[in-house]
Amino acid sequence: MLTTRPRGTNDILPNEIDKWQRLEEVLRHVSRLYGYSEIRTPIFEHTELFQRGVGETTDIVEKEMYTFVDRGERSLTLRPEGTASTVRAYVENKLFAGPQPTKLFYLGPMFRYDRPQAGRYRQFHQYGVEVFGSRDPSIDAEVIAMAMDIYTRLGLKNLSVELNSVGCTKCRSVYRKELQKYLEKNKHKLCSTCQARYDRNPMRIFDCKNENCQALIEEAPTIADLLCNECRDHFNKVQEYLKALGIPFHLNPRLVRGLDYYVQTAFEIVAQGIGAQSSIGGGGRYDGLVEQCGGPATPGIGYAMGLERILLTLQKQGVMQEETKNIDVYIATLGEKAHLKGAVLAQQLRNKELLVEYDYLKRSLKAQLKAADRYQASFTIIIGEEELTNNQAVVRKMEDGSQACISFADMEKYLIDNIRKG
Ligand code: HAM
């Protein structure tokens, strides 16, 4: 146990960190372009926030939360997603009193007790955005376009936007009855979870992974047939804007999403041909959630994307280019005095913004030159006793092996000039 990480978690190792940082750079850059500011909320919240926010009948709340009682007897939960926390922060910090709409983004780990497999983990990372204060269909289309903009900039291919409207409380209550009526005679054939959902929230059955339940619901009426005029009008306008923005989408009337707060727009972005965990992002509108969490009635919409899944897709699609890492200067030293001089020189060059490595192991010259190769250094400075007495060092250009004797006084300028030239 001491040497294994908990199931479903990952170490992000130094040789992988570059691609994470490059991904995060794109996310921060696009956030800025679209006018989003970062918010950082706690990793854990009161359990009740997710029970009420995400919904009692969702898989997340029913089966997947990391919940614990702390020493003060409070029930706390590691955040399974970012929307509920962002809504809580929006209300608690009265962000609704500032200029609207409020556009926020977040980036960080989320926790779900899921069955781990490639692309599905118990600790995973999400980038998400939330917009508060606008009901306008143009923002629904814009958040979808923004997600697609990110994927395109990253170089992802073969994506499809699955789009649906899940209606509002008004049309949903009509639909609910229709769905219950349709399932009534087969109710006993549903899995035990869905039997409970039948009464409390039958639309959730669409989200069940049980094949039997899926078969029973295959021919069921969908919400698309029963949208009220207002929801239908909103949905049509979202599609109109998406078309105008040049974002292709696929209407999927069976898309319900795994969280209960959605009304009207719901969408998911799916990567083709990458296997079971193909949903690389999803989101939708949640107009009642702010009010439900104790704030003023405020519309909201957002989405989140799984960063592990994006990286996996980039890799599977062969898009991820390995970045070659190299340093500017490697300092090789021979003897105690040269070692000290090397330490001082390394600092001096780093102060001039050069990437410098230095031998801390007092290895043989051969081993040090090998290390310089491994680092793909542009130049290696070799300092021995003799060089030290002459106040100079040998500078080797690694590319062609050419060497020059450079005085310590000229070293900085020589390296900067040559490295900039290269
Ligand atoms: P979600 O669909 O539950 O939505 O998660 C969003 C994305 O997170 C998924 O599309 C997937 O890429 C990634 N993801 C989810 N679970 C896992 C997992 N176990 N392992 C790896 N990746 C995972 C939400 O979380 C909503 N809060 C999105 C939203 C924001 N809706 C409105 N605003």
# chains A, B, ... in the order shown; residues from 1 in each chain; ligands from 1
>>> residues_near_ligand(ligand="ligand 1", cutoff="6 Å", atoms="only C-alpha atoms and all ligand atoms", output="list in words")
Glu81, Gly82, Thr83, Arg112, Asp114, Gly119, Arg120, Tyr121, Arg122, Phe124, Gln126, Gly128, Glu130, Gly258, Ser279, Ile280, Gly281, Gly282, Gly283, Gly284, Ile301, Gly302, Tyr303, Ala304, Met305, Gly306 and Arg309 of chain A
>>> atom_distance(atom1="atom CA of A:Gly98", atom2="atom CA of A:Val30")
23.0 Å
>>> residues_around(residues="A:Val61", least_positions_apart="6", cutoff="12 Å", atoms="only C-alpha atoms", output="mmCIF file with C-alpha atoms, in the first residue's frame")
data_model
loop_
_atom_site.group_PDB
_atom_site.id
_atom_site.type_symbol
_atom_site.label_atom_id
_atom_site.label_comp_id
_atom_site.auth_asym_id
_atom_site.auth_seq_id
_atom_site.Cartn_x
_atom_site.Cartn_y
_atom_site.Cartn_z
ATOM 1 C CA THR A 47 -22.204 17.324 1.173
ATOM 2 C CA GLU A 48 -25.605 18.964 1.006
ATOM 3 C CA LEU A 49 -24.429 21.317 -1.747
ATOM 4 C CA PHE A 50 -23.933 18.447 -4.172
ATOM 5 C CA GLN A 51 -26.984 16.494 -2.974
ATOM 6 C CA ARG A 52 -29.178 19.463 -3.722
ATOM 7 C CA GLY A 53 -27.180 20.994 -6.544
ATOM 8 C CA VAL A 54 -26.232 17.959 -8.627
ATOM 9 C CA GLY A 55 -29.431 16.051 -7.694
ATOM 10 C CA THR A 67 -18.038 11.757 1.415
ATOM 11 C CA THR A 77 -17.596 15.767 0.070
ATOM 12 C CA LEU A 78 -14.664 16.022 -2.330
ATOM 13 C CA ARG A 79 -16.088 17.990 -5.252
ATOM 14 C CA PRO A 80 -17.337 15.672 -8.023
ATOM 15 C CA GLU A 81 -17.754 18.616 -10.439
ATOM 16 C CA PHE A 111 -13.390 13.255 -7.581
ATOM 17 C CA ARG A 112 -15.868 10.522 -8.452
ATOM 18 C CA TYR A 113 -16.009 6.953 -7.201
ATOM 19 C CA ASP A 114 -16.296 5.691 -10.788
ATOM 20 C CA GLY A 258 -25.764 12.944 -15.768
ATOM 21 C CA LEU A 259 -26.679 15.950 -13.634
ATOM 22 C CA ASP A 260 -30.138 17.117 -12.583
#
>>> atom_distance(atom1="atom CA of A:Phe235", atom2="atom CA of A:Ser165")
6.3 Å
>>> atom_distance(atom1="atom CA of A:Arg200", atom2="atom CA of A:Pro221")
18.0 Å
>>> select_by_dssp(residues="stretch 302-331 of chain A", states="strand (DSSP E)", output="ChimeraX atom specification")
/A:302-306,329-331
>>> closest_residue(among="A:Gln21, A:Ser407, A:Ser160, A:Gln376", to="A:Leu307", atoms="only C-alpha atoms")
A:Gln21
>>> closest_residue(among="A:Pro101, A:Gly155, A:Pro14, A:Gly167", to="A:Cys231", atoms="only C-alpha atoms")
A:Gly167
>>> select_by_dssp(residues="stretch 252-373 of chain A", states="alpha helix (DSSP H)", output="ChimeraX atom specification")
/A:289-292,307-316,336-350,365-373
>>> closest_residue(among="A:Leu104, A:Leu314, A:Ile205, A:Ala409", to="A:Lys19", atoms="only C-alpha atoms")
A:Leu314
